[in-house]
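K.L.:
Pasting structure-v4.cif here (mmCIF, C-alpha atoms):
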data_coords
#
loop_
_atom_site.group_PDB
_atom_site.id
_atom_site.type_symbol
_atom_site.label_atom_id
_atom_site.label_comp_id
_atom_site.auth_asym_id
_atom_site.auth_seq_id
_atom_site.Cartn_x
_atom_site.Cartn_y
_atom_site.Cartn_z
ATOM 1 C CA MET A 1 2.355 12.437 11.076
ATOM 2 C CA VAL A 2 -1.334 12.310 11.861
ATOM 3 C CA ASP A 3 -2.848 8.938 12.648
ATOM 4 C CA PRO A 4 -4.930 7.700 9.666
ATOM 5 C CA ILE A 5 -7.765 6.628 11.970
ATOM 6 C CA SER A 6 -8.094 10.238 13.186
ATOM 7 C CA ILE A 7 -8.284 11.559 9.626
ATOM 8 C CA ALA A 8 -10.761 8.823 8.663
ATOM 9 C CA THR A 9 -12.924 9.664 11.688
ATOM 10 C CA SER A 10 -12.980 13.388 10.890
ATOM 11 C CA ALA A 11 -13.758 12.709 7.231
ATOM 12 C CA PHE A 12 -16.565 10.347 8.223
ATOM 13 C CA ALA A 13 -17.989 12.936 10.618
ATOM 14 C CA ALA A 14 -17.991 15.482 7.781
ATOM 15 C CA ILE A 15 -19.789 12.988 5.508
ATOM 16 C CA LYS A 16 -22.383 12.212 8.163
ATOM 17 C CA SER A 17 -23.055 15.850 9.022
ATOM 18 C CA GLY A 18 -23.240 16.754 5.340
ATOM 19 C CA ILE A 19 -25.843 14.065 4.693
ATOM 20 C CA GLU A 20 -27.789 15.119 7.802
ATOM 21 C CA VAL A 21 -28.146 18.673 6.495
ATOM 22 C CA GLY A 22 -29.411 17.408 3.154
ATOM 23 C CA LYS A 23 -26.328 17.324 0.968
ATOM 24 C CA GLN A 24 -26.005 14.713 -1.739
ATOM 25 C CA LEU A 25 -23.236 12.116 -1.702
ATOM 26 C CA THR A 26 -21.615 13.916 -4.621
ATOM 27 C CA ASP A 27 -21.447 17.094 -2.514
ATOM 28 C CA VAL A 28 -19.379 15.313 0.135
ATOM 29 C CA SER A 29 -17.378 13.185 -2.312
ATOM 30 C CA HIS A 30 -14.063 14.781 -1.304
ATOM 31 C CA HIS A 31 -14.723 13.678 2.291
ATOM 32 C CA ILE A 32 -15.653 10.192 1.061
ATOM 33 C CA ILE A 33 -12.404 10.012 -0.905
ATOM 34 C CA ARG A 34 -10.425 11.129 2.147
ATOM 35 C CA PHE A 35 -12.211 8.580 4.349
ATOM 36 C CA VAL A 36 -11.643 5.682 1.946
ATOM 37 C CA SER A 37 -7.965 6.543 1.441
ATOM 38 C CA GLN A 38 -7.380 6.655 5.198
ATOM 39 C CA MET A 39 -9.357 3.444 5.664
ATOM 40 C CA THR A 40 -7.009 1.830 3.159
ATOM 41 C CA ARG A 41 -4.003 3.155 5.095
ATOM 42 C CA VAL A 42 -5.368 1.636 8.317
ATOM 43 C CA GLU A 43 -5.800 -1.722 6.563
ATOM 44 C CA GLU A 44 -2.296 -1.514 5.050
ATOM 45 C CA GLU A 45 -0.780 -0.717 8.448
ATOM 46 C CA HIS A 46 -2.492 -3.821 9.777
ATOM 47 C CA LYS A 47 -0.764 -5.926 7.100
ATOM 48 C CA LYS A 48 2.687 -4.441 7.692
ATOM 49 C CA LYS A 49 5.014 -6.098 10.129
ATOM 50 C CA LYS A 50 5.443 -3.886 13.139
ATOM 51 C CA SER A 51 8.259 -4.223 15.559
ATOM 52 C CA SER A 52 8.735 -2.100 18.569
ATOM 53 C CA TRP A 53 10.712 -2.733 21.670
ATOM 54 C CA PHE A 54 8.175 -0.895 23.772
ATOM 55 C CA THR A 55 4.927 -2.628 22.811
ATOM 56 C CA SER A 56 3.925 -6.199 23.361
ATOM 57 C CA SER A 57 2.251 -8.320 20.735
ATOM 58 C CA ASN A 58 -0.977 -8.145 22.752
ATOM 59 C CA GLU A 59 -0.955 -4.348 22.733
ATOM 60 C CA GLU A 60 -0.235 -4.293 19.025
ATOM 61 C CA ALA A 61 -2.977 -6.830 18.300
ATOM 62 C CA LEU A 62 -5.560 -4.941 20.353
ATOM 63 C CA ASP A 63 -4.592 -1.600 18.825
ATOM 64 C CA THR A 64 -4.889 -3.025 15.319
ATOM 65 C CA TYR A 65 -8.147 -4.812 16.124
ATOM 66 C CA PHE A 66 -9.841 -1.686 17.490
ATOM 67 C CA LYS A 67 -8.650 0.492 14.613
ATOM 68 C CA LEU A 68 -9.880 -2.015 12.043
ATOM 69 C CA LYS A 69 -13.165 -2.475 13.907
ATOM 70 C CA GLN A 70 -13.720 1.273 14.055
ATOM 71 C CA VAL A 71 -12.928 1.832 10.394
ATOM 72 C CA HIS A 72 -15.062 -1.120 9.254
ATOM 73 C CA ASP A 73 -18.003 0.097 11.354
ATOM 74 C CA MET A 74 -17.709 3.478 9.664
ATOM 75 C CA GLU A 75 -17.488 1.756 6.274
ATOM 76 C CA ASN A 76 -20.723 -0.116 7.035
ATOM 77 C CA GLN A 77 -22.414 3.163 7.940
ATOM 78 C CA LEU A 78 -21.101 4.673 4.697
ATOM 79 C CA ARG A 79 -22.566 1.712 2.802
ATOM 80 C CA GLU A 80 -25.937 2.398 4.426
ATOM 81 C CA MET A 81 -25.681 6.054 3.366
ATOM 82 C CA PHE A 82 -24.914 4.976 -0.189
ATOM 83 C CA LEU A 83 -27.917 2.672 -0.147
ATOM 84 C CA LEU A 84 -30.248 5.311 1.320
ATOM 85 C CA TYR A 85 -29.058 8.471 -0.425
ATOM 86 C CA GLY A 86 -27.074 7.298 -3.436
ATOM 87 C CA ALA A 87 -28.062 6.089 -6.856
ATOM 88 C CA PRO A 88 -29.388 2.551 -7.103
ATOM 89 C CA ASN A 89 -26.553 0.032 -6.999
ATOM 90 C CA ALA A 90 -24.003 2.822 -6.265
ATOM 91 C CA TRP A 91 -22.340 0.906 -3.430
ATOM 92 C CA ASN A 92 -21.931 -2.247 -5.509
ATOM 93 C CA GLU A 93 -20.458 -0.203 -8.352
ATOM 94 C CA PHE A 94 -18.068 1.481 -5.914
ATOM 95 C CA ILE A 95 -16.975 -1.895 -4.505
ATOM 96 C CA ALA A 96 -16.452 -3.312 -8.013
ATOM 97 C CA ILE A 97 -14.403 -0.295 -9.095
ATOM 98 C CA ARG A 98 -12.353 -0.384 -5.882
ATOM 99 C CA SER A 99 -11.686 -4.097 -6.323
ATOM 100 C CA ASP A 100 -10.639 -3.573 -9.944
ATOM 101 C CA ILE A 101 -8.273 -0.741 -8.999
ATOM 102 C CA ARG A 102 -6.741 -2.807 -6.184
ATOM 103 C CA LYS A 103 -6.145 -5.710 -8.569
ATOM 104 C CA LYS A 104 -4.508 -3.404 -11.115
ATOM 105 C CA LYS A 105 -2.289 -1.843 -8.449
ATOM 106 C CA GLN A 106 -1.296 -5.283 -7.162
ATOM 107 C CA LYS A 107 -0.440 -6.467 -10.685
ATOM 108 C CA GLU A 108 1.614 -3.309 -11.258
ATOM 109 C CA LYS A 109 3.421 -3.819 -7.951
ATOM 110 C CA GLU A 110 4.187 -7.434 -8.887
ATOM 111 C CA ARG A 111 5.371 -6.372 -12.354
ATOM 112 C CA LYS A 112 7.718 -3.751 -10.875
ATOM 113 C CA ALA A 113 9.082 -6.257 -8.359
ATOM 114 C CA LYS A 114 9.702 -8.739 -11.163
ATOM 115 C CA GLU A 115 11.451 -6.057 -13.254
ATOM 116 C CA ARG A 116 13.577 -5.054 -10.265
ATOM 117 C CA ALA A 117 14.566 -8.671 -9.632
ATOM 118 C CA GLU A 118 15.443 -9.123 -13.310
ATOM 119 C CA LEU A 119 17.536 -5.930 -13.260
ATOM 120 C CA ILE A 120 19.409 -7.127 -10.160
ATOM 121 C CA LYS A 121 20.001 -10.487 -11.839
ATOM 122 C CA ILE A 122 21.414 -8.821 -14.978
ATOM 123 C CA ALA A 123 23.565 -6.433 -12.919
ATOM 124 C CA SER A 124 25.004 -9.338 -10.927
ATOM 125 C CA TYR A 125 25.797 -11.266 -14.145
ATOM 126 C CA ILE A 126 27.550 -8.184 -15.508
ATOM 127 C CA GLY A 127 29.451 -7.774 -12.224
ATOM 128 C CA VAL A 128 30.559 -11.400 -12.248
ATOM 129 C CA GLY A 129 31.579 -11.060 -15.897
ATOM 130 C CA ILE A 130 33.665 -7.995 -15.134
ATOM 131 C CA LEU A 131 35.338 -9.758 -12.207
ATOM 132 C CA VAL A 132 36.157 -12.756 -14.403
ATOM 133 C CA MET A 133 37.592 -10.461 -17.098
ATOM 134 C CA VAL A 134 39.703 -8.596 -14.525
ATOM 135 C CA ALA A 135 40.926 -11.894 -13.084
ATOM 136 C CA ILE A 136 41.896 -13.099 -16.573
ATOM 137 C CA VAL A 137 43.736 -9.847 -17.348
ATOM 138 C CA VAL A 138 45.588 -9.965 -14.010
ATOM 139 C CA PHE A 139 46.481 -13.622 -14.582
ATOM 140 C CA ILE A 140 47.779 -12.925 -18.112
ATOM 141 C CA PHE A 141 49.726 -9.890 -16.918
ATOM 142 C CA ASN A 142 51.310 -11.861 -14.060
ATOM 143 C CA TYR A 143 52.041 -14.811 -16.366
ATOM 144 C CA LYS A 144 53.826 -12.565 -18.878
ATOM 145 C CA MET A 145 55.792 -10.929 -16.063
ATOM 146 C CA LEU A 146 56.940 -14.329 -14.783
ATOM 147 C CA THR A 147 57.791 -15.818 -18.192
ATOM 148 C CA SER A 148 59.647 -12.740 -19.474
ATOM 149 C CA LYS A 149 62.472 -13.086 -16.894
#
Using the file provided, produce a representation of the structure as structure tokens.
P.N.:
Amino acid sequence: MVDPISIATSAFAAIKSGIEVGKQLTDVSHHIIRFVSQMTRVEEEHKKKKSSWFTSSNEEALDTYFKLKQVHDMENQLREMFLLYGAPNAWNEFIAIRSDIRKKKQKEKERKAKERAELIKIASYIGVGILVMVAIVVFIFNYKMLTSK
């Protein structure tokens, strides 16, 4: 799998070169989308717990720091491009929309986790109920076997 920072860097280079030759932001929107999605992946990888037997915590911290630094520097340059070449207030609108989408995704993730936990709870109650019923049936069967002699 290709490193998200590499994809983000190539997408950003395409955005930058497109703007330099006079294209509008809308003309390079597919590159912007690719950049932002890879930037998000870099940030998500930072949040995930990594464990490797071959890397120290210092190496992992430095690797994460430099990737985040690089992607945030590119994001700042993208913001400047939005401010210079985009519609007035385009960057702020983008940030507001992105924030709204992230909140909705987080709420959906929390809702699914809650549903999953509730389903596991119900399944375990059903399992315990079945075990109790089986135990009762076995007890009754054994009791009848013992008393019928």
K.L.:
If you count all atoms listed in the file, which residues fall within 12 Å of Gln24 in chain A, apart from same-chain ones fewer than 6 positions away, as a list in words?
P.N.:
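After dropping sequence-adjacent residues, the list is Ile15, Lys16, Ser17, Gly18, His30, Ile32, Met81, Phe82, Leu84, Tyr85, Gly86 and Ala87 of chain A.
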K.L.:
Would you write out those residues with C-alpha atoms, as an mmCIF file, in the coordinates of the input?
P.N.:
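Writing the result to part31.cif gives the following:
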data_model
loop_
_atom_site.group_PDB
_atom_site.id
_atom_site.type_symbol
_atom_site.label_atom_id
_atom_site.label_comp_id
_atom_site.auth_asym_id
_atom_site.auth_seq_id
_atom_site.Cartn_x
_atom_site.Cartn_y
_atom_site.Cartn_z
ATOM 1 C CA ILE A 15 -19.789 12.988 5.508
ATOM 2 C CA LYS A 16 -22.383 12.212 8.163
ATOM 3 C CA SER A 17 -23.055 15.850 9.022
ATOM 4 C CA GLY A 18 -23.240 16.754 5.340
ATOM 5 C CA HIS A 30 -14.063 14.781 -1.304
ATOM 6 C CA ILE A 32 -15.653 10.192 1.061
ATOM 7 C CA MET A 81 -25.681 6.054 3.366
ATOM 8 C CA PHE A 82 -24.914 4.976 -0.189
ATOM 9 C CA LEU A 84 -30.248 5.311 1.320
ATOM 10 C CA TYR A 85 -29.058 8.471 -0.425
ATOM 11 C CA GLY A 86 -27.074 7.298 -3.436
ATOM 12 C CA ALA A 87 -28.062 6.089 -6.856
#
K.L.:
Find the distance between CA of Ser6 in chain A and CA of Phe66 in chain A and write it in Å to one decimal.
P.N.:
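Taking CA of Ser6 in chain A as the start and CA of Phe66 in chain A as the end point, the length is 12.8 Å.
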K.L.:
Taking 5 positions as the minimum chain separation for residues in the same chain, which residues sit within 12 Å of Glu80 in chain A when counting only C-alpha atoms? Answer as a VMD selection string.
P.N.:
chain A and resid 16 19 25 73 to 75 85 to 86 89 to 92
K.L.:
Provide the CA of Ala61 in chain A to CA of Ile7 in chain A distance in Å, to one decimal place.
P.N.:
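Taking CA of Ala61 in chain A as the start and CA of Ile7 in chain A as the end point, the length is 21.0 Å.
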K.L.:
Using Å and a single decimal, report how far CA of Gly129 in chain A sits from CA of Asn142 in chain A.
P.N.:
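A separation of 19.8 Å between them.
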K.L.:
So what does the PyMOL selection byres ((chain A and resi 38-47) around 10) actually pick up in this one, as a ChimeraX atom specification?
P.N.:
/A:3-9,11,32-37,48-50,60-61,63-65,67-68,70-72,74-75
K.L.:
Just add N, CA and C atoms to range 65-91 of chain A and send it as a PDB file, in the coordinates of the input.
P.N.:
ATOM      1  N   TYR A  65      -6.770  -4.330  16.133  1.00  0.00           N
ATOM      2  CA  TYR A  65      -8.147  -4.812  16.124  1.00  0.00           C
ATOM      3  C   TYR A  65      -9.134  -3.651  16.267  1.00  0.00           C
ATOM      4  N   PHE A  66      -8.899  -2.779  17.253  1.00  0.00           N
ATOM      5  CA  PHE A  66      -9.841  -1.686  17.490  1.00  0.00           C
ATOM      6  C   PHE A  66      -9.844  -0.671  16.355  1.00  0.00           C
ATOM      7  N   LYS A  67      -8.688  -0.419  15.760  1.00  0.00           N
ATOM      8  CA  LYS A  67      -8.650   0.492  14.613  1.00  0.00           C
ATOM      9  C   LYS A  67      -9.406  -0.082  13.429  1.00  0.00           C
ATOM     10  N   LEU A  68      -9.166  -1.372  13.145  1.00  0.00           N
ATOM     11  CA  LEU A  68      -9.880  -2.015  12.043  1.00  0.00           C
ATOM     12  C   LEU A  68     -11.379  -2.077  12.307  1.00  0.00           C
ATOM     13  N   LYS A  69     -11.741  -2.408  13.527  1.00  0.00           N
ATOM     14  CA  LYS A  69     -13.165  -2.475  13.907  1.00  0.00           C
ATOM     15  C   LYS A  69     -13.819  -1.122  13.702  1.00  0.00           C
ATOM     16  N   GLN A  70     -13.161  -0.070  14.167  1.00  0.00           N
ATOM     17  CA  GLN A  70     -13.720   1.273  14.055  1.00  0.00           C
ATOM     18  C   GLN A  70     -13.884   1.673  12.588  1.00  0.00           C
ATOM     19  N   VAL A  71     -12.867   1.425  11.789  1.00  0.00           N
ATOM     20  CA  VAL A  71     -12.928   1.832  10.394  1.00  0.00           C
ATOM     21  C   VAL A  71     -13.940   0.989   9.614  1.00  0.00           C
ATOM     22  N   HIS A  72     -14.075  -0.286   9.942  1.00  0.00           N
ATOM     23  CA  HIS A  72     -15.062  -1.120   9.254  1.00  0.00           C
ATOM     24  C   HIS A  72     -16.489  -0.774   9.679  1.00  0.00           C
ATOM     25  N   ASP A  73     -16.682  -0.376  10.925  1.00  0.00           N
ATOM     26  CA  ASP A  73     -18.003   0.097  11.354  1.00  0.00           C
ATOM     27  C   ASP A  73     -18.399   1.360  10.585  1.00  0.00           C
ATOM     28  N   MET A  74     -17.428   2.259  10.435  1.00  0.00           N
ATOM     29  CA  MET A  74     -17.709   3.478   9.664  1.00  0.00           C
ATOM     30  C   MET A  74     -17.984   3.140   8.203  1.00  0.00           C
ATOM     31  N   GLU A  75     -17.246   2.161   7.656  1.00  0.00           N
ATOM     32  CA  GLU A  75     -17.488   1.756   6.274  1.00  0.00           C
ATOM     33  C   GLU A  75     -18.892   1.190   6.115  1.00  0.00           C
ATOM     34  N   ASN A  76     -19.354   0.413   7.092  1.00  0.00           N
ATOM     35  CA  ASN A  76     -20.723  -0.116   7.035  1.00  0.00           C
ATOM     36  C   ASN A  76     -21.758   0.997   7.080  1.00  0.00           C
ATOM     37  N   GLN A  77     -21.505   2.015   7.892  1.00  0.00           N
ATOM     38  CA  GLN A  77     -22.414   3.163   7.940  1.00  0.00           C
ATOM     39  C   GLN A  77     -22.389   3.923   6.614  1.00  0.00           C
ATOM     40  N   LEU A  78     -21.211   4.026   6.003  1.00  0.00           N
ATOM     41  CA  LEU A  78     -21.101   4.673   4.697  1.00  0.00           C
ATOM     42  C   LEU A  78     -21.884   3.886   3.649  1.00  0.00           C
ATOM     43  N   ARG A  79     -21.805   2.558   3.726  1.00  0.00           N
ATOM     44  CA  ARG A  79     -22.566   1.712   2.802  1.00  0.00           C
ATOM     45  C   ARG A  79     -24.069   1.978   2.948  1.00  0.00           C
ATOM     46  N   GLU A  80     -24.516   2.102   4.197  1.00  0.00           N
ATOM     47  CA  GLU A  80     -25.937   2.398   4.426  1.00  0.00           C
ATOM     48  C   GLU A  80     -26.315   3.753   3.841  1.00  0.00           C
ATOM     49  N   MET A  81     -25.414   4.736   3.960  1.00  0.00           N
ATOM     50  CA  MET A  81     -25.681   6.054   3.366  1.00  0.00           C
ATOM     51  C   MET A  81     -25.759   5.959   1.850  1.00  0.00           C
ATOM     52  N   PHE A  82     -24.877   5.169   1.263  1.00  0.00           N
ATOM     53  CA  PHE A  82     -24.914   4.976  -0.189  1.00  0.00           C
ATOM     54  C   PHE A  82     -26.246   4.348  -0.600  1.00  0.00           C
ATOM     55  N   LEU A  83     -26.672   3.362   0.183  1.00  0.00           N
ATOM     56  CA  LEU A  83     -27.917   2.672  -0.147  1.00  0.00           C
ATOM     57  C   LEU A  83     -29.130   3.586   0.023  1.00  0.00           C
ATOM     58  N   LEU A  84     -29.113   4.431   1.056  1.00  0.00           N
ATOM     59  CA  LEU A  84     -30.248   5.311   1.320  1.00  0.00           C
ATOM     60  C   LEU A  84     -30.264   6.560   0.433  1.00  0.00           C
ATOM     61  N   TYR A  85     -29.101   7.158   0.226  1.00  0.00           N
ATOM     62  CA  TYR A  85     -29.058   8.471  -0.425  1.00  0.00           C
ATOM     63  C   TYR A  85     -28.383   8.472  -1.793  1.00  0.00           C
ATOM     64  N   GLY A  86     -27.782   7.361  -2.163  1.00  0.00           N
ATOM     65  CA  GLY A  86     -27.074   7.298  -3.436  1.00  0.00           C
ATOM     66  C   GLY A  86     -27.945   6.731  -4.538  1.00  0.00           C
ATOM     67  N   ALA A  87     -27.373   6.679  -5.704  1.00  0.00           N
ATOM     68  CA  ALA A  87     -28.062   6.089  -6.856  1.00  0.00           C
ATOM     69  C   ALA A  87     -28.224   4.590  -6.612  1.00  0.00           C
ATOM     70  N   PRO A  88     -29.219   4.003  -7.256  1.00  0.00           N
ATOM     71  CA  PRO A  88     -29.388   2.551  -7.103  1.00  0.00           C
ATOM     72  C   PRO A  88     -28.110   1.814  -7.519  1.00  0.00           C
ATOM     73  N   ASN A  89     -27.722   0.869  -6.732  1.00  0.00           N
ATOM     74  CA  ASN A  89     -26.553   0.032  -6.999  1.00  0.00           C
ATOM     75  C   ASN A  89     -25.224   0.793  -6.907  1.00  0.00           C
ATOM     76  N   ALA A  90     -25.221   2.002  -6.350  1.00  0.00           N
ATOM     77  CA  ALA A  90     -24.003   2.822  -6.265  1.00  0.00           C
ATOM     78  C   ALA A  90     -22.928   2.139  -5.416  1.00  0.00           C
ATOM     79  N   TRP A  91     -23.331   1.544  -4.307  1.00  0.00           N
ATOM     80  CA  TRP A  91     -22.340   0.906  -3.430  1.00  0.00           C
ATOM     81  C   TRP A  91     -21.680  -0.279  -4.132  1.00  0.00           C
TER      82      TRP A  91
END
